[in-house]
file entry.cif (mmCIF, C-alpha atoms and all ligand atoms)
data_protein
#
loop_
_atom_site.label_atom_id
_atom_site.label_comp_id
_atom_site.auth_asym_id
_atom_site.auth_seq_id
_atom_site.Cartn_x
_atom_site.Cartn_y
_atom_site.Cartn_z
CA MET A 1 92.94 85.44 11.32
CA SER A 2 91.90 82.55 13.54
CA ALA A 3 88.35 82.28 14.91
CA SER A 4 89.43 82.83 18.52
CA ASN A 5 88.81 86.17 20.19
CA PRO A 6 92.19 87.54 21.34
CA LEU A 7 90.45 89.89 23.78
CA ASP A 8 88.48 87.05 25.41
CA PHE A 9 90.62 83.98 24.71
CA TYR A 10 88.87 81.74 27.24
CA SER A 11 85.34 82.97 26.37
CA VAL A 12 84.65 84.52 29.78
CA GLY A 13 81.88 86.43 27.99
CA ALA A 14 80.06 83.12 27.45
CA LEU A 15 79.90 82.68 31.24
CA LEU A 16 77.86 85.87 31.62
CA SER A 17 74.07 85.78 31.94
CA ASP A 18 71.94 87.44 29.25
CA ASP A 19 71.37 90.43 31.55
CA GLU A 20 75.09 90.77 32.28
CA ARG A 21 75.86 90.64 28.54
CA LEU A 22 73.23 93.33 27.89
CA ILE A 23 74.80 95.53 30.58
CA ARG A 24 78.28 94.95 29.10
CA ASP A 25 77.11 95.88 25.60
CA THR A 26 75.16 98.94 26.77
CA VAL A 27 78.08 100.31 28.79
CA GLY A 28 80.47 99.38 25.96
CA ARG A 29 78.41 101.41 23.46
CA PHE A 30 78.35 104.36 25.88
CA VAL A 31 82.16 104.17 26.15
CA ASP A 32 82.63 103.98 22.37
CA ARG A 33 80.22 106.85 21.66
CA GLU A 34 80.69 109.19 24.59
CA VAL A 35 84.00 108.48 26.36
CA THR A 36 86.48 107.51 23.62
CA PRO A 37 85.82 110.59 21.42
CA ILE A 38 86.61 113.09 24.24
CA ILE A 39 88.99 111.34 26.61
CA ALA A 40 92.34 112.13 24.95
CA GLU A 41 91.44 115.84 24.98
CA CYS A 42 90.43 115.58 28.67
CA PHE A 43 93.71 113.84 29.50
CA ALA A 44 95.72 116.50 27.62
CA ALA A 45 93.83 119.37 29.29
CA GLU A 46 93.84 117.73 32.75
CA ARG A 47 90.04 118.00 32.72
CA PHE A 48 87.54 115.74 34.48
CA PRO A 49 84.64 115.16 32.03
CA ALA A 50 81.88 116.23 34.42
CA GLU A 51 79.41 116.12 31.51
CA LEU A 52 79.54 112.30 31.74
CA VAL A 53 78.19 112.23 35.32
CA PRO A 54 74.47 112.56 34.38
CA ARG A 55 74.93 109.87 31.70
CA LEU A 56 76.63 107.48 34.14
CA ALA A 57 73.68 108.06 36.49
CA GLU A 58 71.08 107.53 33.73
CA LEU A 59 72.70 104.18 32.96
CA GLY A 60 72.30 103.22 36.64
CA LEU A 61 76.05 102.85 37.21
CA PHE A 62 76.32 104.66 40.56
CA GLY A 63 75.88 102.30 43.52
CA ALA A 64 74.91 99.56 41.04
CA THR A 65 75.24 96.69 43.56
CA LEU A 66 73.13 98.38 46.26
CA ASP A 67 69.49 97.45 46.81
CA GLY A 68 66.86 100.18 47.19
CA TYR A 69 67.37 103.95 47.40
CA GLY A 70 67.08 104.22 43.59
CA CYS A 71 70.06 101.88 43.01
CA SER A 72 70.14 99.09 40.42
CA GLY A 73 70.63 96.11 42.82
CA LEU A 74 72.96 94.28 40.41
CA GLY A 75 75.26 91.37 41.22
CA TYR A 76 79.04 91.64 41.44
CA THR A 77 79.61 90.12 37.99
CA ALA A 78 77.50 92.90 36.47
CA TYR A 79 79.44 95.49 38.50
CA GLY A 80 82.65 93.89 37.23
CA VAL A 81 81.69 94.12 33.56
CA ILE A 82 80.66 97.76 34.10
CA CYS A 83 84.12 98.53 35.52
CA GLU A 84 85.84 96.63 32.71
CA GLU A 85 83.99 98.53 29.99
CA LEU A 86 84.48 101.92 31.66
CA GLU A 87 88.22 101.37 32.11
CA ARG A 88 88.51 100.28 28.49
CA GLY A 89 87.67 103.95 27.93
CA ASP A 90 89.84 105.44 30.67
CA SER A 91 90.78 104.64 34.28
CA SER A 92 89.51 108.07 35.35
CA VAL A 93 85.91 107.26 34.38
CA ARG A 94 86.04 103.92 36.21
CA SER A 95 87.64 105.68 39.20
CA CYS A 96 84.76 108.15 39.39
CA VAL A 97 82.24 105.30 39.43
CA SER A 98 84.31 103.24 41.92
CA VAL A 99 84.65 106.13 44.37
CA GLN A 100 81.01 107.16 44.14
CA SER A 101 79.74 103.54 44.30
CA SER A 102 82.04 101.40 46.44
CA LEU A 103 83.62 104.01 48.67
CA VAL A 104 81.01 106.73 49.22
CA MET A 105 77.63 105.04 48.69
CA GLY A 106 79.05 101.74 50.00
CA ALA A 107 80.18 103.44 53.24
CA ILE A 108 76.86 105.24 53.72
CA PHE A 109 74.90 102.07 52.93
CA ALA A 110 76.95 99.84 55.25
CA CYS A 111 77.67 102.27 58.09
CA GLY A 112 75.04 105.02 57.86
CA SER A 113 71.81 105.62 59.76
CA GLU A 114 68.49 105.25 57.93
CA GLU A 115 68.25 109.06 57.81
CA GLN A 116 71.73 109.35 56.23
CA ARG A 117 70.94 106.61 53.69
CA SER A 118 67.62 108.20 52.66
CA ARG A 119 69.11 111.65 52.40
CA TRP A 120 72.25 110.82 50.40
CA LEU A 121 71.92 107.53 48.47
CA PRO A 122 69.11 108.52 46.03
CA ALA A 123 70.82 111.84 45.19
CA LEU A 124 74.20 110.11 44.73
CA ALA A 125 72.58 107.41 42.54
CA ARG A 126 70.99 110.12 40.35
CA GLY A 127 74.37 111.85 40.04
CA GLU A 128 72.85 115.05 41.45
CA LYS A 129 75.45 114.86 44.22
CA LEU A 130 79.04 113.66 44.03
CA GLY A 131 80.96 112.23 46.93
CA CYS A 132 84.58 111.60 47.86
CA PHE A 133 86.28 109.20 50.27
CA ALA A 134 88.94 110.87 52.39
CA LEU A 135 91.21 108.36 54.10
CA THR A 136 94.80 109.00 52.86
CA GLU A 137 97.01 111.56 54.58
CA ALA A 138 100.26 113.04 53.25
CA HIS A 139 102.52 111.25 55.74
CA GLY A 140 101.72 107.74 54.49
CA GLY A 141 98.75 106.24 52.69
CA SER A 142 99.89 102.65 53.22
CA ASP A 143 99.65 103.05 56.99
CA PRO A 144 96.24 104.67 57.61
CA GLY A 145 96.43 103.68 61.29
CA ARG A 146 98.80 106.64 61.75
CA MET A 147 96.08 109.07 60.74
CA ARG A 148 96.39 112.51 62.36
CA THR A 149 93.00 113.97 61.42
CA ARG A 150 91.14 114.19 64.74
CA ALA A 151 87.50 114.64 65.67
CA ARG A 152 86.78 115.89 69.19
CA ARG A 153 83.42 116.07 70.93
CA GLN A 154 82.15 119.66 71.46
CA GLY A 155 78.89 119.26 73.35
CA ALA A 156 76.42 117.73 70.87
CA ASP A 157 78.77 118.40 67.91
CA TRP A 158 82.14 117.21 66.64
CA ARG A 159 85.11 119.43 65.74
CA LEU A 160 87.45 118.15 63.01
CA ASN A 161 91.06 119.21 62.47
CA GLY A 162 93.57 117.78 60.02
CA ALA A 163 94.21 117.23 56.31
CA LYS A 164 93.74 114.57 53.65
CA HIS A 165 95.80 114.12 50.48
CA TRP A 166 95.23 112.55 47.06
CA ILE A 167 91.44 112.50 47.25
CA THR A 168 89.60 111.63 44.00
CA ASN A 169 86.81 114.15 43.30
CA GLY A 170 87.77 115.94 46.56
CA ALA A 171 87.25 119.44 45.15
CA LEU A 172 84.07 118.53 43.24
CA ALA A 173 82.30 116.54 45.91
CA ASP A 174 79.14 117.76 47.62
CA VAL A 175 79.89 115.42 50.51
CA ALA A 176 83.13 113.95 51.83
CA VAL A 177 83.31 110.72 53.84
CA VAL A 178 86.10 111.77 56.20
CA TRP A 179 87.90 109.23 58.38
CA ALA A 180 89.23 110.65 61.64
CA THR A 181 90.50 109.42 65.01
CA THR A 182 88.39 110.04 68.07
CA GLU A 183 88.79 109.09 71.73
CA ASP A 184 87.02 105.84 70.83
CA GLY A 185 89.09 104.96 67.76
CA VAL A 186 88.56 105.70 64.06
CA ASN A 187 85.16 107.04 62.93
CA ALA A 188 83.77 108.48 59.69
CA PHE A 189 81.96 111.79 59.26
CA LEU A 190 79.93 113.23 56.38
CA VAL A 191 81.31 116.71 55.77
CA GLU A 192 79.40 118.83 53.28
CA LYS A 193 80.97 121.18 50.77
CA GLY A 194 80.89 124.77 52.02
CA THR A 195 81.08 123.86 55.74
CA ALA A 196 83.07 126.60 57.52
CA GLY A 197 86.75 125.68 57.89
CA PHE A 198 86.65 122.99 55.15
CA GLU A 199 88.93 123.89 52.22
CA THR A 200 89.97 121.95 49.11
CA ARG A 201 92.81 122.43 46.62
CA VAL A 202 93.15 120.61 43.30
CA ILE A 203 96.49 118.81 42.79
CA LYS A 204 97.87 119.88 39.40
CA ASN A 205 100.60 118.50 37.10
CA LYS A 206 99.75 114.83 37.56
CA LEU A 207 101.22 112.68 34.78
CA SER A 208 98.65 109.95 35.47
CA LEU A 209 94.85 109.87 35.72
CA ARG A 210 94.80 113.37 34.23
CA ALA A 211 91.09 113.12 33.36
CA SER A 212 90.32 112.66 37.05
CA SER A 213 90.24 115.49 39.59
CA THR A 214 92.40 114.83 42.67
CA ALA A 215 92.56 117.16 45.67
CA GLU A 216 93.94 117.97 49.09
CA LEU A 217 91.35 118.58 51.81
CA ALA A 218 91.97 120.71 54.92
CA PHE A 219 89.85 120.84 58.07
CA ALA A 220 90.36 123.75 60.48
CA ASP A 221 87.92 123.56 63.38
CA VAL A 222 85.20 122.16 61.11
CA THR A 223 82.08 121.65 63.22
CA VAL A 224 79.53 118.99 62.29
CA PRO A 225 76.55 117.66 64.26
CA ASP A 226 76.58 114.12 65.70
CA SER A 227 74.05 113.23 62.96
CA ALA A 228 76.95 113.59 60.46
CA ARG A 229 78.86 110.70 62.08
CA LEU A 230 78.35 107.33 60.39
CA PRO A 231 77.14 105.35 63.42
CA LYS A 232 78.42 101.96 62.25
CA ALA A 233 81.83 103.14 60.96
CA ASN A 234 83.64 101.91 64.03
CA GLY A 235 87.36 101.45 63.46
CA LEU A 236 89.60 101.27 60.43
CA LYS A 237 88.10 97.89 59.51
CA ALA A 238 84.97 99.68 58.25
CA ALA A 239 87.09 101.73 55.83
CA LEU A 240 89.00 98.64 54.70
CA ARG A 241 85.73 96.81 53.93
CA CYS A 242 84.73 99.60 51.51
CA LEU A 243 88.21 99.39 49.95
CA ASP A 244 87.77 95.65 49.34
CA ASP A 245 84.74 96.40 47.15
CA ALA A 246 86.58 99.11 45.23
CA ARG A 247 89.59 96.80 44.73
CA PHE A 248 87.25 94.22 43.23
CA GLY A 249 86.13 96.81 40.65
CA ILE A 250 89.77 97.64 39.90
CA ALA A 251 90.58 93.96 39.26
CA TRP A 252 87.91 93.96 36.51
CA GLY A 253 88.69 97.46 35.30
CA ALA A 254 92.35 96.64 34.67
CA CYS A 255 91.23 93.98 32.16
CA GLY A 256 89.42 96.69 30.20
CA ALA A 257 92.52 98.89 29.97
CA ALA A 258 94.58 95.85 28.86
CA ARG A 259 91.98 94.93 26.21
CA ALA A 260 92.08 98.44 24.74
CA CYS A 261 95.89 98.26 24.46
CA ILE A 262 95.97 94.80 22.84
CA ASP A 263 93.16 95.73 20.45
CA THR A 264 95.10 98.80 19.29
CA VAL A 265 98.32 96.86 18.76
CA LEU A 266 96.70 93.95 16.92
CA ARG A 267 95.28 96.37 14.35
CA TYR A 268 98.47 98.39 14.11
CA THR A 269 100.86 95.47 13.63
CA GLN A 270 98.63 94.00 10.89
CA SER A 271 98.76 97.15 8.81
CA ARG A 272 102.33 98.28 9.49
CA GLU A 273 104.76 96.89 6.91
CA LEU A 274 108.46 96.63 7.73
CA PHE A 275 111.12 94.57 5.96
CA GLY A 276 108.59 93.62 3.28
CA ARG A 277 105.87 92.12 5.49
CA PRO A 278 103.33 93.14 8.11
CA LEU A 279 104.84 93.50 11.59
CA SER A 280 102.33 90.93 12.89
CA HIS A 281 104.02 88.25 10.74
CA THR A 282 107.28 88.44 12.71
CA GLN A 283 108.09 85.95 15.46
CA LEU A 284 109.02 88.55 18.05
CA ILE A 285 105.80 90.54 17.67
CA GLN A 286 103.74 87.32 17.80
CA SER A 287 105.58 86.25 20.95
CA ARG A 288 104.86 89.61 22.58
CA LEU A 289 101.20 89.57 21.52
CA ALA A 290 100.83 86.02 22.81
CA ASP A 291 102.41 87.03 26.13
CA SER A 292 99.95 89.94 26.46
CA VAL A 293 96.98 87.67 25.77
CA ARG A 294 98.35 85.13 28.29
CA LYS A 295 98.47 87.82 30.98
CA LEU A 296 95.02 89.21 30.06
CA SER A 297 93.43 85.74 30.07
CA GLY A 298 94.70 84.96 33.57
CA ALA A 299 93.46 88.34 34.81
CA GLN A 300 90.00 87.85 33.26
CA LEU A 301 89.60 84.39 34.80
CA ILE A 302 90.65 85.63 38.25
CA ALA A 303 88.23 88.57 37.98
CA TRP A 304 85.35 86.31 36.96
CA ARG A 305 86.04 83.80 39.75
CA LEU A 306 86.35 86.58 42.34
CA ALA A 307 82.91 87.88 41.29
CA LYS A 308 81.40 84.44 41.89
CA LEU A 309 83.07 84.20 45.32
CA LYS A 310 81.75 87.66 46.20
CA GLU A 311 78.25 86.75 45.03
CA SER A 312 78.39 83.70 47.31
CA GLY A 313 79.56 85.94 50.15
CA VAL A 314 82.81 84.01 50.69
CA ALA A 315 85.48 86.17 48.96
CA THR A 316 88.35 86.97 51.34
CA THR A 317 90.41 90.14 51.61
CA ALA A 318 93.51 88.19 50.52
CA GLN A 319 91.73 86.89 47.39
CA THR A 320 90.70 90.45 46.55
CA SER A 321 94.25 91.69 47.14
CA LEU A 322 95.79 89.03 44.92
CA ALA A 323 93.29 89.89 42.16
CA LYS A 324 93.97 93.63 42.38
CA TRP A 325 97.73 93.09 42.46
CA ASN A 326 97.84 90.47 39.66
CA ASN A 327 95.43 92.21 37.31
CA VAL A 328 96.85 95.73 37.58
CA ARG A 329 100.41 94.42 37.24
CA ALA A 330 99.32 92.44 34.15
CA ALA A 331 97.57 95.47 32.63
CA LEU A 332 100.51 97.77 33.32
CA ASP A 333 103.01 95.34 31.74
CA ILE A 334 100.69 94.85 28.74
CA ALA A 335 100.20 98.62 28.28
CA ARG A 336 103.96 99.25 28.42
CA ASP A 337 104.74 96.52 25.88
CA CYS A 338 101.90 97.62 23.59
CA ARG A 339 103.20 101.18 23.71
CA ASP A 340 106.58 99.91 22.55
CA MET A 341 105.14 97.85 19.67
CA LEU A 342 103.62 101.06 18.28
CA GLY A 343 107.06 102.66 17.93
CA ALA A 344 107.03 106.44 17.85
CA ALA A 345 103.28 106.49 17.13
CA GLY A 346 102.84 105.01 20.61
CA ILE A 347 104.00 108.12 22.44
CA THR A 348 101.13 110.35 21.30
CA LEU A 349 97.58 110.65 22.63
CA ASP A 350 96.24 109.56 19.22
CA LEU A 351 96.64 105.93 20.31
CA SER A 352 95.53 104.81 23.76
CA PRO A 353 98.26 102.49 25.20
CA MET A 354 100.52 105.19 26.66
CA ARG A 355 97.52 106.97 28.24
CA HIS A 356 96.44 103.66 29.77
CA MET A 357 100.02 102.94 30.87
CA LEU A 358 100.28 106.30 32.62
CA ASN A 359 96.87 105.87 34.25
CA LEU A 360 97.77 102.41 35.49
CA GLU A 361 100.70 103.91 37.44
CA THR A 362 98.03 105.41 39.69
CA VAL A 363 95.87 102.31 39.66
CA ILE A 364 98.79 100.18 40.88
CA THR A 365 99.38 102.71 43.70
CA TYR A 366 95.93 103.63 44.98
CA GLU A 367 93.60 101.40 46.99
CA GLY A 368 96.70 99.66 48.36
CA THR A 369 100.04 99.60 46.52
CA GLU A 370 101.32 96.45 44.85
CA SER A 371 103.66 95.80 47.82
CA ILE A 372 100.84 96.20 50.33
CA HIS A 373 98.76 93.59 48.47
CA GLU A 374 101.75 91.23 48.35
CA LEU A 375 102.07 91.67 52.13
CA ILE A 376 98.34 90.96 52.63
CA VAL A 377 98.71 87.72 50.65
CA GLY A 378 101.94 86.90 52.53
CA ARG A 379 100.13 87.36 55.84
CA GLU A 380 97.40 84.99 54.65
CA LEU A 381 100.00 82.37 53.69
CA THR A 382 102.15 82.56 56.82
CA GLY A 383 99.91 83.95 59.52
CA GLN A 384 102.55 86.64 60.11
CA SER A 385 101.96 90.32 59.47
CA ALA A 386 105.16 91.72 57.88
CA PHE A 387 103.99 95.28 57.16
C1 LIG B 1 95.42 109.84 41.57
C2 LIG B 1 95.21 109.28 42.95
C3 LIG B 1 93.93 109.22 43.48
C4 LIG B 1 93.73 108.76 44.80
N1 LIG B 1 92.45 108.77 45.34
C5 LIG B 1 92.28 108.51 46.67
C6 LIG B 1 91.00 108.67 47.30
O1 LIG B 1 89.99 108.97 46.64
N2 LIG B 1 90.90 108.50 48.65
C7 LIG B 1 91.98 108.16 49.41
O2 LIG B 1 91.82 108.04 50.63
N3 LIG B 1 93.22 107.98 48.85
C8 LIG B 1 93.39 108.15 47.50
N4 LIG B 1 94.64 108.00 46.92
C9 LIG B 1 95.78 107.71 47.78
C10 LIG B 1 96.34 106.30 47.62
O3 LIG B 1 95.46 105.36 48.17
C11 LIG B 1 97.74 106.28 48.28
O4 LIG B 1 98.59 107.04 47.44
C12 LIG B 1 98.28 104.88 48.47
O5 LIG B 1 97.59 104.21 49.50
C13 LIG B 1 99.78 104.87 48.81
O6 LIG B 1 100.07 105.77 49.82
P1 LIG B 1 101.28 106.81 49.64
O7 LIG B 1 101.15 107.47 48.31
O8 LIG B 1 101.33 107.67 50.84
O9 LIG B 1 102.60 105.90 49.56
P2 LIG B 1 103.41 105.32 50.84
O10 LIG B 1 102.47 104.68 51.78
O11 LIG B 1 104.29 106.38 51.35
O12 LIG B 1 104.30 104.18 50.13
C14 LIG B 1 105.52 104.48 49.44
C15 LIG B 1 106.16 103.17 48.97
O13 LIG B 1 106.47 102.35 50.09
C16 LIG B 1 105.94 101.04 49.90
N5 LIG B 1 105.62 100.46 51.22
C17 LIG B 1 104.73 100.92 52.13
N6 LIG B 1 104.74 100.16 53.23
C18 LIG B 1 105.67 99.17 53.03
C19 LIG B 1 106.16 98.07 53.80
N7 LIG B 1 105.68 97.80 55.01
N8 LIG B 1 107.12 97.30 53.25
C20 LIG B 1 107.59 97.55 52.01
N9 LIG B 1 107.19 98.58 51.24
C21 LIG B 1 106.23 99.38 51.75
C22 LIG B 1 104.71 101.24 49.04
O14 LIG B 1 104.36 100.05 48.37
C23 LIG B 1 105.22 102.32 48.08
O15 LIG B 1 105.96 101.73 47.04
C24 LIG B 1 94.84 108.36 45.58
C25 LIG B 1 96.14 108.37 45.00
C26 LIG B 1 96.31 108.81 43.70
C27 LIG B 1 97.71 108.82 43.13
#

call {"tool": "encode", "arguments": {"input": "entry.cif", "output": "structure tokens", "more": "lines below"}}
Ligand SMILES: Cc1cc2nc3c(=O)[nH]c(=O)nc-3n(C[C@H](O)[C@H](O)[C@H](O)COP(=O)(O)OP(=O)(O)OC[C@H]3O[C@@H](n4cnc5c(N)ncnc54)[C@H](O)[C@@H]3O)c2cc1C
result
Amino acid sequence: MSASNPLDFYSVGALLSDDERLIRDTVGRFVDREVTPIIAECFAAERFPAELVPRLAELGLFGATLDGYGCSGLGYTAYGVICEELERGDSSVRSCVSVQSSLVMGAIFACGSEEQRSRWLPALARGEKLGCFALTEAHGGSDPGRMRTRARRQGADWRLNGAKHWITNGALADVAVVWATTEDGVNAFLVEKGTAGFETRVIKNKLSLRASSTAELAFADVTVPDSARLPKANGLKAALRCLDDARFGIAWGACGAARACIDTVLRYTQSRELFGRPLSHTQLIQSRLADSVRKLSGAQLIAWRLAKLKESGVATTAQTSLAKWNNVRAALDIARDCRDMLGAAGITLDLSPMRHMLNLETVITYEGTESIHELIVGRELTGQSAF
């Protein structure tokens, strides 16, 4: 074996600060000890490992980039390495942290009143409460401007009617950040579990992200006080800003899934003997391994650079879109090819590539599909919106 690290070919790890490396190693150990041993069973049983929530909170992973309110106040590079390590375990665990951190706590932090922040952020950081982010509707997630969920003024209160689809942690959440149209445009409301008229239903038989709980939400004359409205969530742009942060986490997370797949295949092809020699000694396998490492290396460098741009406050939506699109596409292609290099052994849950491949089919769809991110980059290049 050569001295280079196939899972970090350009030594991106050497660019991390000591603190960021400590965070990476701590989260990595948690994944190896507490996620990897249970995750195949969770995937098979379509079970969200709720027992991990207190541990994720203890490690300070919920709302990690937020300052105050019991949050860790970390930089974006640290948040990136957290996402990468978690998704090396499974996309569902990273999804739980992304939703809770970027979408729910991020929305309350950026758009909430001081009272809403103080009430919800510490409890969400401690993992005592879970949240969900309800934007997508059944008639078209790529075009949220067509949202039909409506909130109407009723004296001092608001009355919500409508439905949301494909909502991560929707049936588990203590509080839902619900986006709805009002007479004054799109607004967001905090709707608590158990509010009269608010129903949830878990979506079963998913073939992807099976260790994550996904739900439909229905609102029939759900009444909430004006204090449940996020006062600064004015317009769809507020929702899209939260999505930008979550997409950043996905760009890093995808590298973790790809690393797990390549790691598995490197070991397997060294020990599997066919035609009188290890599989890893054949030209075709080496070419495919090299191609996977080429794709992973590009993704890691983009993720790292995007973190630096975000830390300087200059990252654009188009840069985030290109990173999400490139890195998830790379990870999905790597996972598929790694699955194939394992032969029949690759179709079971005993080895991780097919699980990662199936999960990445969701990751390439949610938080903006691949085509939507291509269109965002195209708009940036031409000045023309072609949606
Ligand atoms: C497991 C899972 C969890 C999710 N969690 C959440 C969540 O927590 N909160 C939330 O709000 N949403 C969530 N989503 C929803 C997700 O964001 C949407 O599925 C996604 O935005 C795509 O919307 P859609 O499924 O309605 O597909 P559609 O919008 O119907 O798209 C269908 C196809 O058309 C393509 N397309 C769309 N527009 C164009 C165009 N102009 N030109 C060319 N092609 C186009 C798309 O790329 C896609 O291939 C989740 C989804 C999944 C699968």

call {"tool": "residues_near_ligand", "arguments": {"input": "entry.cif", "ligand": "ligand LIG 1 (chain B)", "cutoff": "7 Å", "atoms": "only C-alpha atoms and all ligand atoms", "output": "compact mmCIF listing (two decimals) with C-alpha atoms, in the frame of the given file"}}
result
# COMPACT_ATOMS: atom_id res chain seq x y z
CA VAL A 99 84.65 106.13 44.37
CA CYS A 132 84.58 111.60 47.86
CA PHE A 133 86.28 109.20 50.27
CA ALA A 134 88.94 110.87 52.39
CA LEU A 135 91.21 108.36 54.10
CA THR A 136 94.80 109.00 52.86
CA GLU A 137 97.01 111.56 54.58
CA ALA A 138 100.26 113.04 53.25
CA HIS A 139 102.52 111.25 55.74
CA GLY A 140 101.72 107.74 54.49
CA GLY A 141 98.75 106.24 52.69
CA SER A 142 99.89 102.65 53.22
CA ASP A 143 99.65 103.05 56.99
CA HIS A 165 95.80 114.12 50.48
CA TRP A 166 95.23 112.55 47.06
CA ILE A 167 91.44 112.50 47.25
CA THR A 168 89.60 111.63 44.00
CA ASN A 169 86.81 114.15 43.30
CA SER A 208 98.65 109.95 35.47
CA LEU A 209 94.85 109.87 35.72
CA THR A 214 92.40 114.83 42.67
CA THR A 362 98.03 105.41 39.69
CA THR A 365 99.38 102.71 43.70
CA TYR A 366 95.93 103.63 44.98
CA GLU A 367 93.60 101.40 46.99
CA GLY A 368 96.70 99.66 48.36
CA THR A 369 100.04 99.60 46.52
CA GLU A 370 101.32 96.45 44.85
CA SER A 371 103.66 95.80 47.82
CA ILE A 372 100.84 96.20 50.33
CA ALA A 386 105.16 91.72 57.88
CA PHE A 387 103.99 95.28 57.16

call {"tool": "atom_distance", "arguments": {"input": "entry.cif", "atom1": "CA of Ala78 in chain A", "atom2": "CA of Trp179 in chain A"}}
result
29.2 Å

call {"tool": "closest_residue", "arguments": {"input": "entry.cif", "among": "A:Phe189, A:Phe219, A:Tyr76, A:Trp158", "to": "Ser113 in chain A", "atoms": "all atoms listed in the file"}}
result
A:Phe189

call {"tool": "residues_around", "arguments": {"input": "entry.cif", "residues": "range 343-356 of chain A", "least_positions_apart": "2", "cutoff": "9 Å", "atoms": "all atoms listed in the file", "output": "number ranges by chain"}}
result
A: 40-41, 43-44, 87-91, 208-209, 257-258, 260-262, 264-265, 331-332, 334-341, 358-361

call {"tool": "atom_distance", "arguments": {"input": "entry.cif", "atom1": "CA of Ile39 in chain A", "atom2": "CA of Ala211 in chain A"}}
result
7.3 Å

call {"tool": "atom_distance", "arguments": {"input": "entry.cif", "atom1": "CA of Ser292 in chain A", "atom2": "CA of Val12 in chain A"}}
result
16.6 Å

call {"tool": "closest_residue", "arguments": {"input": "entry.cif", "among": "A:Leu61, A:Val175, A:Ile302, A:Leu15", "to": "Val27 in chain A", "atoms": "all atoms listed in the file"}}
result
A:Leu61

call {"tool": "residues_around", "arguments": {"input": "entry.cif", "residues": "Arg210 in chain A", "least_positions_apart": "3", "cutoff": "8 Å", "atoms": "all atoms listed in the file", "output": "MDAnalysis selection string"}}
result
chainID A and resid 42:48 92 206:207 213 359

call {"tool": "residues_around", "arguments": {"input": "entry.cif", "residues": "Leu301 in chain A", "least_positions_apart": "6", "cutoff": "10 Å", "atoms": "only C-alpha atoms", "output": "PDB file with C-alpha atoms, in the coordinates of the input"}}
result
ATOM      1  CA  ASP A   8      88.480  87.050  25.410  1.00  0.00           C
ATOM      2  CA  TYR A  10      88.870  81.740  27.240  1.00  0.00           C
ATOM      3  CA  SER A  11      85.340  82.970  26.370  1.00  0.00           C
ATOM      4  CA  VAL A  12      84.650  84.520  29.780  1.00  0.00           C
ATOM      5  CA  TRP A 252      87.910  93.960  36.510  1.00  0.00           C
ATOM      6  CA  ALA A 307      82.910  87.880  41.290  1.00  0.00           C
ATOM      7  CA  ALA A 323      93.290  89.890  42.160  1.00  0.00           C
TER       8      ALA A 323
END

call {"tool": "residues_around", "arguments": {"input": "entry.cif", "residues": "Thr223 in chain A", "least_positions_apart": "3", "cutoff": "7 Å", "atoms": "all atoms listed in the file", "output": "compact mmCIF listing (two decimals) with C-alpha atoms, in the coordinates of the input"}}
result
# COMPACT_ATOMS: atom_id res chain seq x y z
CA ASP A 157 78.77 118.40 67.91
CA TRP A 158 82.14 117.21 66.64
CA ARG A 159 85.11 119.43 65.74
CA LEU A 160 87.45 118.15 63.01

call {"tool": "closest_residue", "arguments": {"input": "entry.cif", "among": "A:Gly112, A:Gly75, A:Gly276, A:Gly155", "to": "Lys232 in chain A", "atoms": "only C-alpha atoms"}}
result
A:Gly112
